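Trainee: Input: one structure, supplied below.
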Amino acid sequence: MGKEKDPNNWKYWQFFWRSWAIQASWNYERQMNMGFMYGIAPILDKIYQKPEDEAKKIEAYNRHMLYYNCTPQTSAFVLGLAASMEEQYYQDQENFNPETISAVKTSLMGPLSGVGDSFFQGTIRVLAFGLGINLAQEGSILGPILAILISFIPSFLVTYYGGKIGYTMGNKYLSKLYAEGLMDKVMYVCSIVGLMVIGAMIASMIGITTPISFGKAFVLQDVLNSIMPQLLPLGLTFLMYWLLQKKVKTGWMLLACIVGGIVFSLLGILS
Amino acid sequence: MLLQSIILGLIGVICIVDSRLLGRLNFERPLIVSTMVGLALGDLEKGLLVGASLELMSLGLVNIGAAAPPDMNMAAIIATAFAIFSNSKAETALTIAIPISVLGQMLGILMRTILSNLTHWADRLISEGKFKRARRIHIIYGTGLYALMYFIPIFLAIYFGTDLVKQIVDAIPEWLTNGLTVASKILPAYGFALLLQTMLTKKMVPFLLLGFLITAYSGLGITGVAAFACIVAFVMYMIESRSNHSGTDGGDADPLEDL
């Protein structure tokens, strides 16, 4: 290439591998939270090396243990961007509100998983396996091989360049935003997008209903639907939110979710 | 048989590692794993044929978001092996595949619930400053548990035969499956509430509700809502810029105390 080697090269590969590994501990409660923490950990470890930064480091790790869910391939972009924001936060702790980092993550994960899932699971997968099935039915080993190749190449490119672009873009534009005092506005705008996406997720991803009915005349779910569709998921989320505000311990919350699920299902209240 | 069971179990590990460590490169799909099983058991042609029919059947099952569809990937490994052992047709493999895929689905739900607990352990380790151990929960425990979730059932099914699998599926009481399904729907609500803890302020509640209402009433997907959200954000940005509040207090701590 002749050019100097990019000193941030190691970071791009970290974003790459760790985005691919983001689902290793996928769980119901916060989904890819530990994956994201694992992904950004090398950057955080690099930033907070001094012993006196320990408390800040804990804070930063906690920041990335929040709910996160996004297509692994497009996550690299978010990871790169968040990493550059973390670095800038450390440089300028006076003016940088670290909540911005969470807001940016949240506002990006919805659109990026929408685009990512429909591209990789919808377009690429269907193309790869449509062709693959055709060849395999004729008994050709080329079928599965072709399916793997078609799946692999876009996945590799999007993940690697996503991380790189996210990181470099973050470095270039964010410092400019700070200098002009625009970060609060960015935060506000990101929060609007983030909250609207969370609202949409509450309406589409929880899907809890009630089977309570008295004959055909009274079906509770129909009554609820006529008041407002997806009322139960919304109520449930606000109930959880309220309990969290009341500082109920997370362990109890988790237990209540599982036991509650079994009990309410047995009593025929929820399904 | 022992050796074959171990090899097929390891193919299962490759299958689950695809989505855990490699960002879902589609190695996990029936077409690929059935071909691998065919290669391992020395009947490539049967592997390809069973793989193609299982793939065709499950092309519609998409593994994204919080949903846990029937696990056709695990089923494909076991069903292909049985088709080769019993020298039966690809169609017979389908009938074996379906109960196994349901069993796999339930194991998946259980695993994701267990990992919800591990998340709290990681929280605790972080607050004690044990970062390395917290990271290990993700990369070693997470991957390891998922790998075992595939290895053990596949190993047992091949080693002991399909009758055992069917018996296990029948023995799981219905109330437990239903209950775990409801719990798996409640848990994301908890996850969202945790997220809202850091983001929601009184002033911002309408935006949350706006996103909710759009999807609840129209069924519009998340990408669509995000597109609308960008416009709303743009308009709000213009409004805020005009009014003389220097900056906004969207990020200020103003937790919603009571609802």
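FYI, nothing fancy with the structure tokens labels: chains A, B, ... in order, residues from 1 per chain, ligands from 1 as they appear.
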DSSP on the backbone: what in region 23-235 of chain A comes out helix (DSSP H, G or I), as a PyMOL selection string?
Mentor: chain A and resi 33-47+51-63+72-91+99-137+142-179+183-205+220-227+231-235
Trainee: Which residues are near region 65-71 of chain A? Cut-off 8 Å, only C-alpha atoms, ignore same chain within fewer than 6 positions. Put them as a PDB file with N, CA and C atoms, in the first residue's frame.
Mentor:
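Result written to out.pdb:
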```
ATOM      1  N   GLU A  29     -33.598 -11.262  29.049  1.00  0.00           N
ATOM      2  CA  GLU A  29     -33.794 -10.021  29.772  1.00  0.00           C
ATOM      3  C   GLU A  29     -33.204  -8.817  29.046  1.00  0.00           C
ATOM      4  N   ARG A  30     -31.934  -8.892  28.690  1.00  0.00           N
ATOM      5  CA  ARG A  30     -31.324  -7.733  28.057  1.00  0.00           C
ATOM      6  C   ARG A  30     -30.660  -8.107  26.734  1.00  0.00           C
ATOM      7  N   GLN A  31     -30.926  -9.325  26.288  1.00  0.00           N
ATOM      8  CA  GLN A  31     -30.537  -9.779  24.959  1.00  0.00           C
ATOM      9  C   GLN A  31     -29.032  -9.731  24.712  1.00  0.00           C
ATOM     10  N   MET A  32     -28.523  -8.779  23.943  1.00  0.00           N
ATOM     11  CA  MET A  32     -27.091  -8.833  23.627  1.00  0.00           C
ATOM     12  C   MET A  32     -26.276  -7.907  24.524  1.00  0.00           C
ATOM     13  N   ASN A  33     -26.758  -7.667  25.755  1.00  0.00           N
ATOM     14  CA  ASN A  33     -26.069  -6.694  26.610  1.00  0.00           C
ATOM     15  C   ASN A  33     -24.633  -7.100  26.907  1.00  0.00           C
ATOM     16  N   MET A  34     -24.441  -8.378  27.303  1.00  0.00           N
ATOM     17  CA  MET A  34     -23.089  -8.814  27.636  1.00  0.00           C
ATOM     18  C   MET A  34     -22.227  -8.843  26.382  1.00  0.00           C
ATOM     19  N   PHE A  36     -22.345  -6.729  23.942  1.00  0.00           N
ATOM     20  CA  PHE A  36     -21.863  -5.376  23.668  1.00  0.00           C
ATOM     21  C   PHE A  36     -20.759  -4.997  24.649  1.00  0.00           C
ATOM     22  N   MET A  37     -20.973  -5.368  25.911  1.00  0.00           N
ATOM     23  CA  MET A  37     -19.948  -5.095  26.927  1.00  0.00           C
ATOM     24  C   MET A  37     -18.647  -5.776  26.517  1.00  0.00           C
ATOM     25  N   THR A 106     -29.022   3.280  21.499  1.00  0.00           N
ATOM     26  CA  THR A 106     -30.421   2.889  21.426  1.00  0.00           C
ATOM     27  C   THR A 106     -31.090   3.395  20.163  1.00  0.00           C
ATOM     28  N   MET A 109     -29.877   1.078  17.212  1.00  0.00           N
ATOM     29  CA  MET A 109     -30.078  -0.371  17.108  1.00  0.00           C
ATOM     30  C   MET A 109     -31.379  -0.737  16.400  1.00  0.00           C
ATOM     31  N   GLY A 110     -32.411   0.083  16.568  1.00  0.00           N
ATOM     32  CA  GLY A 110     -33.664  -0.232  15.883  1.00  0.00           C
ATOM     33  C   GLY A 110     -33.533  -0.199  14.368  1.00  0.00           C
ATOM     34  N   LEU A 112     -30.887  -0.093  12.524  1.00  0.00           N
ATOM     35  CA  LEU A 112     -29.848  -0.970  11.987  1.00  0.00           C
ATOM     36  C   LEU A 112     -30.259  -2.439  12.031  1.00  0.00           C
ATOM     37  N   SER A 113     -31.048  -2.834  13.062  1.00  0.00           N
ATOM     38  CA  SER A 113     -31.469  -4.242  13.005  1.00  0.00           C
ATOM     39  C   SER A 113     -32.562  -4.417  11.973  1.00  0.00           C
ATOM     40  N   GLY A 116     -30.499  -4.503   8.836  1.00  0.00           N
ATOM     41  CA  GLY A 116     -29.614  -5.661   8.863  1.00  0.00           C
ATOM     42  C   GLY A 116     -30.362  -6.978   8.739  1.00  0.00           C
ATOM     43  N   ASP A 117     -31.419  -7.146   9.529  1.00  0.00           N
ATOM     44  CA  ASP A 117     -32.151  -8.410   9.476  1.00  0.00           C
ATOM     45  C   ASP A 117     -32.802  -8.622   8.124  1.00  0.00           C
TER      46      ASP A 117
ATOM     47  N   GLY B  65     -34.535 -11.303  16.487  1.00  0.00           N
ATOM     48  CA  GLY B  65     -35.239 -10.662  17.588  1.00  0.00           C
ATOM     49  C   GLY B  65     -35.394 -11.606  18.761  1.00  0.00           C
ATOM     50  N   ASP B 123     -23.213  -8.269  36.212  1.00  0.00           N
ATOM     51  CA  ASP B 123     -23.397  -6.938  36.815  1.00  0.00           C
ATOM     52  C   ASP B 123     -22.630  -6.845  38.127  1.00  0.00           C
ATOM     53  N   GLY B 191     -36.600  -5.967  30.385  1.00  0.00           N
ATOM     54  CA  GLY B 191     -35.425  -5.407  29.704  1.00  0.00           C
ATOM     55  C   GLY B 191     -35.675  -3.991  29.206  1.00  0.00           C
ATOM     56  N   PHE B 192     -36.853  -3.774  28.606  1.00  0.00           N
ATOM     57  CA  PHE B 192     -37.182  -2.438  28.116  1.00  0.00           C
ATOM     58  C   PHE B 192     -37.274  -1.453  29.282  1.00  0.00           C
ATOM     59  N   LEU B 194     -35.682  -1.541  32.081  1.00  0.00           N
ATOM     60  CA  LEU B 194     -34.321  -1.208  32.515  1.00  0.00           C
ATOM     61  C   LEU B 194     -33.712  -0.143  31.620  1.00  0.00           C
ATOM     62  N   LEU B 195     -33.971  -0.288  30.327  1.00  0.00           N
ATOM     63  CA  LEU B 195     -33.442   0.670  29.362  1.00  0.00           C
ATOM     64  C   LEU B 195     -34.063   2.044  29.577  1.00  0.00           C
TER      65      LEU B 195
END
```
Trainee: Do a neighbour search on Tyr150 (chain B) at 9 Å with only C-alpha atoms, toss out local chain neighbours closer than 5 positions, and write the hits as a PDB file with C-alpha atoms, in the first residue's frame.
Mentor:
```pdb
ATOM      1  CA  GLY B   9     -22.575 -33.694  18.628  1.00  0.00           C
ATOM      2  CA  LEU B  10     -19.572 -31.710  17.436  1.00  0.00           C
ATOM      3  CA  GLY B  12     -24.069 -29.502  16.482  1.00  0.00           C
ATOM      4  CA  VAL B  13     -21.460 -27.367  18.221  1.00  0.00           C
ATOM      5  CA  CYS B  15     -23.962 -25.241  14.101  1.00  0.00           C
ATOM      6  CA  ILE B  16     -24.612 -23.240  17.263  1.00  0.00           C
ATOM      7  CA  MET B  74     -30.750 -29.143  15.682  1.00  0.00           C
ATOM      8  CA  GLY B 104     -34.855 -27.734  20.693  1.00  0.00           C
ATOM      9  CA  LEU B 145     -23.724 -23.333  27.645  1.00  0.00           C
ATOM     10  CA  PHE B 155     -25.360 -36.976  21.457  1.00  0.00           C
TER      11      PHE B 155
END
```
